[in-house]
2 protein chains.
Amino acid sequence: MTATTVAPARAAQLFHALSDETRLGILEMLRGGERCVCDLQVDLDAAQSRLSFHLRVLKDAGLVTDRKDGRWSHYSIVPEALTEVHDMAVEMQPRKRALSIRSGSCCG
Amino acid sequence: MTATTVAPARAAQLFHALSDETRLGILEMLRGGERCVCDLQVDLDAAQSRLSFHLRVLKDAGLVTDRKDGRWSHYSIVPEALTEVHDMAVEMQPRKRALSIRSGSCCG
DNA sequence: CCGATTCATCAACGTTTGTTGATTGACAAC
DNA sequence: GTTGTCAATCAACAAACGTTGATGAATCGG
């Protein structure tokens, strides 16, 4: 069950993590399954340092996880986080019976 | 029908507009129906200039529209934009049959 | 042990974002 | 007309963000 109202700080964090094209590119790549950083580096043509930065943002927001295997870090999507985003979008829709004329409005 | 892949620039713009707590607060207020700026100012305890700034970001992203009525501007949610967000979250989910082991991977 | 590879972290920098207070324009009341 | 109100815009500033290149830690191959 989802909360009635989403915690604004959490929503902002999630949306912020998704508000960058490089990060969206990373997620798009991860849609096909787990990838190591070196993989992403090649396909996204991004400097290693830059990628590391963006992966951290995604990880801090809970959108991805990493798995260490020897020298390699493998990242993959956390589907639950995207479900959160999904739910937020639904919850933000106007309420049914949203009053066009409001009682206590300053400008009637 | 929704596109197979969302335009990244559009997605980034939409998510960016949603990545601020003040703006999320505005949208939450608008869920109940159309509101004038003066209304939002009081309820969100935000300076007029600040509110104007955030309303512009939301408007530029297509998340809200405004209606002028005499001296007042009334803002309301554009539900279609939230549907876009919803769809994006769905489209970002990992593909079914996402391969855990990848063929051309750099680190087999 | 030594060198190479993978990746995270750091410092420095420029850019973007958000805030504040002042100005301006449009409208309404008088 | 003059005055007051609503809201967009502007300039100035501070904070957050993203990029780059360098450094460092861990791992693997020779």
# chains A, B, ... in the order shown; residues from 1 in each chain; ligands from 1

$ interface_residues --of "chain D" --to "chain B" --cutoff "12 Å" --atoms "only C-alpha atoms (C1' of nucleotides)" --output "PDB file with C-alpha atoms (C1' of nucleotides), in the first residue's frame"
ATOM      1  C1'  DG D   4      -3.469  50.518  -4.327  1.00  0.00           C
ATOM      2  C1'  DT D   5      -3.064  45.682  -5.554  1.00  0.00           C
ATOM      3  C1'  DC D   6      -1.521  41.496  -8.191  1.00  0.00           C
ATOM      4  C1'  DA D   7       1.985  39.394 -10.428  1.00  0.00           C
ATOM      5  C1'  DA D   8       5.924  39.119 -13.917  1.00  0.00           C
ATOM      6  C1'  DT D   9      10.590  40.528 -14.504  1.00  0.00           C
ATOM      7  C1'  DC D  10      15.143  42.120 -13.361  1.00  0.00           C
TER       8       DC D  10
END

$ calpha_fit_and_write --fixed "chain B" --moving "chain A" --output "PDB file with C-alpha atoms, in the first residue's frame"
ATOM      1  CA  MET A   1      -0.153   5.611 -27.697  1.00  0.00           C
ATOM      2  CA  THR A   2       3.169   6.435 -26.054  1.00  0.00           C
ATOM      3  CA  ALA A   3       6.485   6.521 -27.832  1.00  0.00           C
ATOM      4  CA  THR A   4       8.800   3.563 -27.448  1.00  0.00           C
ATOM      5  CA  THR A   5      11.518   5.675 -25.899  1.00  0.00           C
ATOM      6  CA  VAL A   6      10.932   9.016 -24.236  1.00  0.00           C
ATOM      7  CA  ALA A   7      12.892  11.982 -25.534  1.00  0.00           C
ATOM      8  CA  PRO A   8      15.616  12.374 -22.912  1.00  0.00           C
ATOM      9  CA  ALA A   9      15.586  16.165 -22.992  1.00  0.00           C
ATOM     10  CA  ARG A  10      11.859  16.235 -22.363  1.00  0.00           C
ATOM     11  CA  ALA A  11      12.151  13.708 -19.552  1.00  0.00           C
ATOM     12  CA  ALA A  12      14.936  15.697 -17.924  1.00  0.00           C
ATOM     13  CA  GLN A  13      12.898  18.902 -18.123  1.00  0.00           C
ATOM     14  CA  LEU A  14       9.868  17.277 -16.566  1.00  0.00           C
ATOM     15  CA  PHE A  15      11.814  15.617 -13.780  1.00  0.00           C
ATOM     16  CA  HIS A  16      13.764  18.778 -13.100  1.00  0.00           C
ATOM     17  CA  ALA A  17      10.541  20.732 -12.664  1.00  0.00           C
ATOM     18  CA  LEU A  18       9.466  18.160 -10.099  1.00  0.00           C
ATOM     19  CA  SER A  19      12.774  18.089  -8.241  1.00  0.00           C
ATOM     20  CA  ASP A  20      12.091  21.021  -5.930  1.00  0.00           C
ATOM     21  CA  GLU A  21      10.072  20.900  -2.719  1.00  0.00           C
ATOM     22  CA  THR A  22       8.493  24.307  -3.239  1.00  0.00           C
ATOM     23  CA  ARG A  23       7.244  23.253  -6.646  1.00  0.00           C
ATOM     24  CA  LEU A  24       5.941  19.979  -5.267  1.00  0.00           C
ATOM     25  CA  GLY A  25       4.121  22.026  -2.647  1.00  0.00           C
ATOM     26  CA  ILE A  26       2.545  24.132  -5.352  1.00  0.00           C
ATOM     27  CA  LEU A  27       1.372  21.055  -7.228  1.00  0.00           C
ATOM     28  CA  GLU A  28       0.002  19.544  -4.043  1.00  0.00           C
ATOM     29  CA  MET A  29      -2.060  22.689  -3.501  1.00  0.00           C
ATOM     30  CA  LEU A  30      -3.271  22.671  -7.086  1.00  0.00           C
ATOM     31  CA  ARG A  31      -4.499  19.112  -6.719  1.00  0.00           C
ATOM     32  CA  GLY A  32      -7.599  20.544  -5.103  1.00  0.00           C
ATOM     33  CA  GLY A  33      -8.298  22.768  -8.092  1.00  0.00           C
ATOM     34  CA  GLU A  34      -7.319  26.077  -9.582  1.00  0.00           C
ATOM     35  CA  ARG A  35      -5.627  28.656  -7.327  1.00  0.00           C
ATOM     36  CA  CYS A  36      -4.487  32.237  -7.702  1.00  0.00           C
ATOM     37  CA  VAL A  37      -0.926  33.217  -6.895  1.00  0.00           C
ATOM     38  CA  CYS A  38      -1.993  35.227  -3.869  1.00  0.00           C
ATOM     39  CA  ASP A  39      -3.576  32.092  -2.471  1.00  0.00           C
ATOM     40  CA  LEU A  40      -0.426  30.056  -2.939  1.00  0.00           C
ATOM     41  CA  GLN A  41       1.616  32.837  -1.432  1.00  0.00           C
ATOM     42  CA  VAL A  42      -0.276  32.653   1.837  1.00  0.00           C
ATOM     43  CA  ASP A  43      -0.518  28.891   2.148  1.00  0.00           C
ATOM     44  CA  LEU A  44       3.064  28.192   1.138  1.00  0.00           C
ATOM     45  CA  ASP A  45       4.475  31.164   3.017  1.00  0.00           C
ATOM     46  CA  ALA A  46       6.636  32.065   0.046  1.00  0.00           C
ATOM     47  CA  ALA A  47       7.688  35.450  -1.238  1.00  0.00           C
ATOM     48  CA  GLN A  48       5.806  36.587  -4.322  1.00  0.00           C
ATOM     49  CA  SER A  49       8.932  36.699  -6.426  1.00  0.00           C
ATOM     50  CA  ARG A  50       9.958  33.232  -5.378  1.00  0.00           C
ATOM     51  CA  LEU A  51       6.572  31.827  -6.214  1.00  0.00           C
ATOM     52  CA  SER A  52       6.559  33.492  -9.597  1.00  0.00           C
ATOM     53  CA  PHE A  53       9.903  31.896 -10.360  1.00  0.00           C
ATOM     54  CA  HIS A  54       8.737  28.405  -9.499  1.00  0.00           C
ATOM     55  CA  LEU A  55       5.432  28.796 -11.298  1.00  0.00           C
ATOM     56  CA  ARG A  56       7.374  29.685 -14.398  1.00  0.00           C
ATOM     57  CA  VAL A  57       9.463  26.544 -14.164  1.00  0.00           C
ATOM     58  CA  LEU A  58       6.321  24.461 -13.808  1.00  0.00           C
ATOM     59  CA  LYS A  59       4.654  26.279 -16.661  1.00  0.00           C
ATOM     60  CA  ASP A  60       7.661  25.943 -18.966  1.00  0.00           C
ATOM     61  CA  ALA A  61       7.631  22.225 -18.309  1.00  0.00           C
ATOM     62  CA  GLY A  62       3.949  22.113 -19.187  1.00  0.00           C
ATOM     63  CA  LEU A  63       2.934  20.902 -15.751  1.00  0.00           C
ATOM     64  CA  VAL A  64       0.625  23.838 -15.080  1.00  0.00           C
ATOM     65  CA  THR A  65      -1.331  26.451 -17.043  1.00  0.00           C
ATOM     66  CA  ASP A  66      -2.369  29.888 -16.031  1.00  0.00           C
ATOM     67  CA  ARG A  67      -5.544  31.829 -16.667  1.00  0.00           C
ATOM     68  CA  LYS A  68      -5.614  35.591 -16.355  1.00  0.00           C
ATOM     69  CA  ASP A  69      -8.679  37.163 -14.750  1.00  0.00           C
ATOM     70  CA  GLY A  70      -8.348  40.871 -14.102  1.00  0.00           C
ATOM     71  CA  ARG A  71      -5.469  41.371 -11.745  1.00  0.00           C
ATOM     72  CA  TRP A  72      -5.317  37.730 -10.823  1.00  0.00           C
ATOM     73  CA  SER A  73      -3.483  34.779 -12.300  1.00  0.00           C
ATOM     74  CA  HIS A  74      -5.021  31.409 -11.646  1.00  0.00           C
ATOM     75  CA  TYR A  75      -2.888  28.319 -12.003  1.00  0.00           C
ATOM     76  CA  SER A  76      -3.983  24.745 -12.418  1.00  0.00           C
ATOM     77  CA  ILE A  77      -2.447  21.352 -13.086  1.00  0.00           C
ATOM     78  CA  VAL A  78      -2.125  19.934 -16.584  1.00  0.00           C
ATOM     79  CA  PRO A  79      -3.013  16.286 -15.955  1.00  0.00           C
ATOM     80  CA  GLU A  80      -1.514  15.145 -19.260  1.00  0.00           C
ATOM     81  CA  ALA A  81       1.953  16.176 -18.088  1.00  0.00           C
ATOM     82  CA  LEU A  82       1.649  13.963 -15.042  1.00  0.00           C
ATOM     83  CA  THR A  83       0.529  11.172 -17.301  1.00  0.00           C
ATOM     84  CA  GLU A  84       3.749  11.680 -19.212  1.00  0.00           C
ATOM     85  CA  VAL A  85       5.696  11.292 -15.979  1.00  0.00           C
ATOM     86  CA  HIS A  86       3.714   8.210 -15.174  1.00  0.00           C
ATOM     87  CA  ASP A  87       4.451   6.691 -18.572  1.00  0.00           C
ATOM     88  CA  MET A  88       8.135   7.501 -18.278  1.00  0.00           C
ATOM     89  CA  ALA A  89       8.405   5.653 -15.004  1.00  0.00           C
ATOM     90  CA  VAL A  90       6.792   2.636 -16.599  1.00  0.00           C
ATOM     91  CA  GLU A  91       9.049   2.778 -19.644  1.00  0.00           C
ATOM     92  CA  MET A  92      12.154   2.989 -17.508  1.00  0.00           C
ATOM     93  CA  GLN A  93      11.466  -0.322 -15.802  1.00  0.00           C
ATOM     94  CA  PRO A  94      13.885  -3.091 -16.784  1.00  0.00           C
ATOM     95  CA  ARG A  95      12.847  -5.038 -19.848  1.00  0.00           C
ATOM     96  CA  LYS A  96      11.475  -8.518 -19.369  1.00  0.00           C
ATOM     97  CA  ARG A  97      14.129 -11.067 -20.118  1.00  0.00           C
ATOM     98  CA  ALA A  98      16.852  -8.587 -19.242  1.00  0.00           C
ATOM     99  CA  LEU A  99      20.018 -10.616 -19.661  1.00  0.00           C
ATOM    100  CA  SER A 100      22.133 -10.835 -16.574  1.00  0.00           C
ATOM    101  CA  ILE A 101      25.048 -12.106 -18.594  1.00  0.00           C
ATOM    102  CA  ARG A 102      25.782  -9.950 -21.593  1.00  0.00           C
ATOM    103  CA  SER A 103      27.416 -11.088 -24.803  1.00  0.00           C
ATOM    104  CA  GLY A 104      29.770  -8.229 -25.650  1.00  0.00           C
ATOM    105  CA  SER A 105      30.552  -7.289 -22.092  1.00  0.00           C
ATOM    106  CA  CYS A 106      34.012  -5.993 -21.355  1.00  0.00           C
ATOM    107  CA  CYS A 107      34.266  -8.109 -18.245  1.00  0.00           C
ATOM    108  CA  GLY A 108      32.891 -11.550 -18.665  1.00  0.00           C
TER     109      GLY A 108
END

$ closest_atom_pairs --of "chain C" --to "chain A" --cutoff "10 Å" --atoms "only C-alpha atoms (C1' of nucleotides)" --output "CSV"
residue,atom,partner,partner_atom,distance
C:DT5,C1',A:Arg71,CA,7.9
C:DT6,C1',A:Arg71,CA,5.2
C:DC7,C1',A:Ser73,CA,7.4
C:DA8,C1',A:Ser52,CA,7.1
C:DT9,C1',A:Ser49,CA,9.1

$ write_last_selection --atoms "C-alpha atoms (C1' of nucleotides)" --output "CSV table (one decimal), in the first residue's frame"
chain,number,residue,atom,x,y,z
C,5,DT,C1',43.4,-2.0,-14.7
C,6,DT,C1',38.9,-0.7,-12.5
C,7,DC,C1',36.7,2.5,-10.0
C,8,DA,C1',35.8,5.9,-6.0
C,9,DT,C1',37.1,10.1,-4.3

$ select_by_dssp --residues "chain B" --states "strand (DSSP E)" --output "PyMOL selection string"
chain B and resi 35-36+64-69+72-77

$ atom_distance --atom1 "atom C1' of DT15 of chain C" --atom2 "atom C1' of DC13 of chain D"
15.0 Å

$ residues_around --residues "DG21 of chain C" --least-positions-apart "2" --cutoff "10 Å" --atoms "only C-alpha atoms (C1' of nucleotides)" --output "PDB file with N, CA and C atoms (P, O5', C5', C4', C3', O3' and C1' of nucleotides), in the first residue's frame"
ATOM      1  N   SER B  49       7.905  36.859  -5.357  1.00  0.00           N
ATOM      2  CA  SER B  49       8.906  36.695  -6.412  1.00  0.00           C
ATOM      3  C   SER B  49       9.358  35.245  -6.531  1.00  0.00           C
TER       4      SER B  49
ATOM      5  P    DT C  19      14.044  28.809  -3.587  1.00  0.00           P
ATOM      6  O5'  DT C  19      14.695  30.188  -3.123  1.00  0.00           O
ATOM      7  C5'  DT C  19      15.754  30.168  -2.173  1.00  0.00           C
ATOM      8  C4'  DT C  19      16.225  31.589  -1.890  1.00  0.00           C
ATOM      9  C3'  DT C  19      15.096  32.553  -1.537  1.00  0.00           C
ATOM     10  O3'  DT C  19      15.319  33.034  -0.218  1.00  0.00           O
ATOM     11  C1'  DT C  19      16.554  33.485  -3.205  1.00  0.00           C
ATOM     12  P    DT C  23      13.573  50.625  -6.700  1.00  0.00           P
ATOM     13  O5'  DT C  23      13.026  50.119  -8.112  1.00  0.00           O
ATOM     14  C5'  DT C  23      13.934  49.519  -9.037  1.00  0.00           C
ATOM     15  C4'  DT C  23      13.164  48.980 -10.249  1.00  0.00           C
ATOM     16  C3'  DT C  23      12.098  49.946 -10.796  1.00  0.00           C
ATOM     17  O3'  DT C  23      12.325  50.105 -12.187  1.00  0.00           O
ATOM     18  C1'  DT C  23      11.186  47.789 -10.472  1.00  0.00           C
TER      19       DT C  23
ATOM     20  P    DA D  11      18.777  42.975 -15.914  1.00  0.00           P
ATOM     21  O5'  DA D  11      19.527  43.403 -14.579  1.00  0.00           O
ATOM     22  C5'  DA D  11      18.962  44.395 -13.726  1.00  0.00           C
ATOM     23  C4'  DA D  11      19.663  44.356 -12.376  1.00  0.00           C
ATOM     24  C3'  DA D  11      21.091  43.816 -12.393  1.00  0.00           C
ATOM     25  O3'  DA D  11      21.851  44.503 -11.411  1.00  0.00           O
ATOM     26  C1'  DA D  11      19.761  42.428 -11.041  1.00  0.00           C
ATOM     27  P    DA D  12      23.416  44.223 -11.285  1.00  0.00           P
ATOM     28  O5'  DA D  12      23.550  43.459  -9.899  1.00  0.00           O
ATOM     29  C5'  DA D  12      22.915  43.998  -8.738  1.00  0.00           C
ATOM     30  C4'  DA D  12      23.013  43.007  -7.597  1.00  0.00           C
ATOM     31  C3'  DA D  12      24.379  42.314  -7.488  1.00  0.00           C
ATOM     32  O3'  DA D  12      24.829  42.404  -6.151  1.00  0.00           O
ATOM     33  C1'  DA D  12      22.630  40.706  -7.525  1.00  0.00           C
TER      34       DA D  12
END

$ decode --residues "segment 10-47 of chain A" --atoms "C-alpha atoms" --output "CSV table (one decimal), in the first residue's frame"
chain,number,residue,atom,x,y,z
A,10,ARG,CA,12.0,11.9,-0.9
A,11,ALA,CA,10.1,12.9,-4.0
A,12,ALA,CA,12.4,15.8,-4.7
A,13,GLN,CA,15.5,13.5,-4.3
A,14,LEU,CA,14.0,10.9,-6.7
A,15,PHE,CA,13.0,13.4,-9.3
A,16,HIS,CA,16.3,15.2,-9.0
A,17,ALA,CA,18.2,12.0,-9.7
A,18,LEU,CA,16.1,11.6,-12.9
A,19,SER,CA,16.6,15.2,-14.0
A,20,ASP,CA,19.8,14.7,-15.9
A,21,GLU,CA,20.3,13.3,-19.4
A,22,THR,CA,23.4,11.4,-18.5
A,23,ARG,CA,21.7,9.6,-15.7
A,24,LEU,CA,18.7,8.9,-17.9
A,25,GLY,CA,21.1,7.4,-20.4
A,26,ILE,CA,22.6,5.2,-17.7
A,27,LEU,CA,19.2,4.0,-16.7
A,28,GLU,CA,18.2,3.3,-20.3
A,29,MET,CA,21.3,1.1,-20.6
A,30,LEU,CA,20.6,-0.7,-17.4
A,31,ARG,CA,17.1,-1.5,-18.6
A,32,GLY,CA,18.7,-4.4,-20.5
A,33,GLY,CA,20.2,-5.8,-17.4
A,34,GLU,CA,23.2,-5.4,-15.1
A,35,ARG,CA,26.3,-3.5,-16.5
A,36,CYS,CA,29.8,-2.8,-15.3
A,37,VAL,CA,31.0,0.8,-15.2
A,38,CYS,CA,33.5,0.1,-18.0
A,39,ASP,CA,30.7,-0.9,-20.2
A,40,LEU,CA,28.7,2.3,-19.5
A,41,GLN,CA,31.8,4.3,-20.1
A,42,VAL,CA,32.2,3.1,-23.6
A,43,ASP,CA,28.6,3.2,-24.6
A,44,LEU,CA,27.8,6.6,-23.1
A,45,ASP,CA,31.2,8.0,-24.1
A,46,ALA,CA,31.6,9.6,-20.7
A,47,ALA,CA,34.7,10.1,-18.6
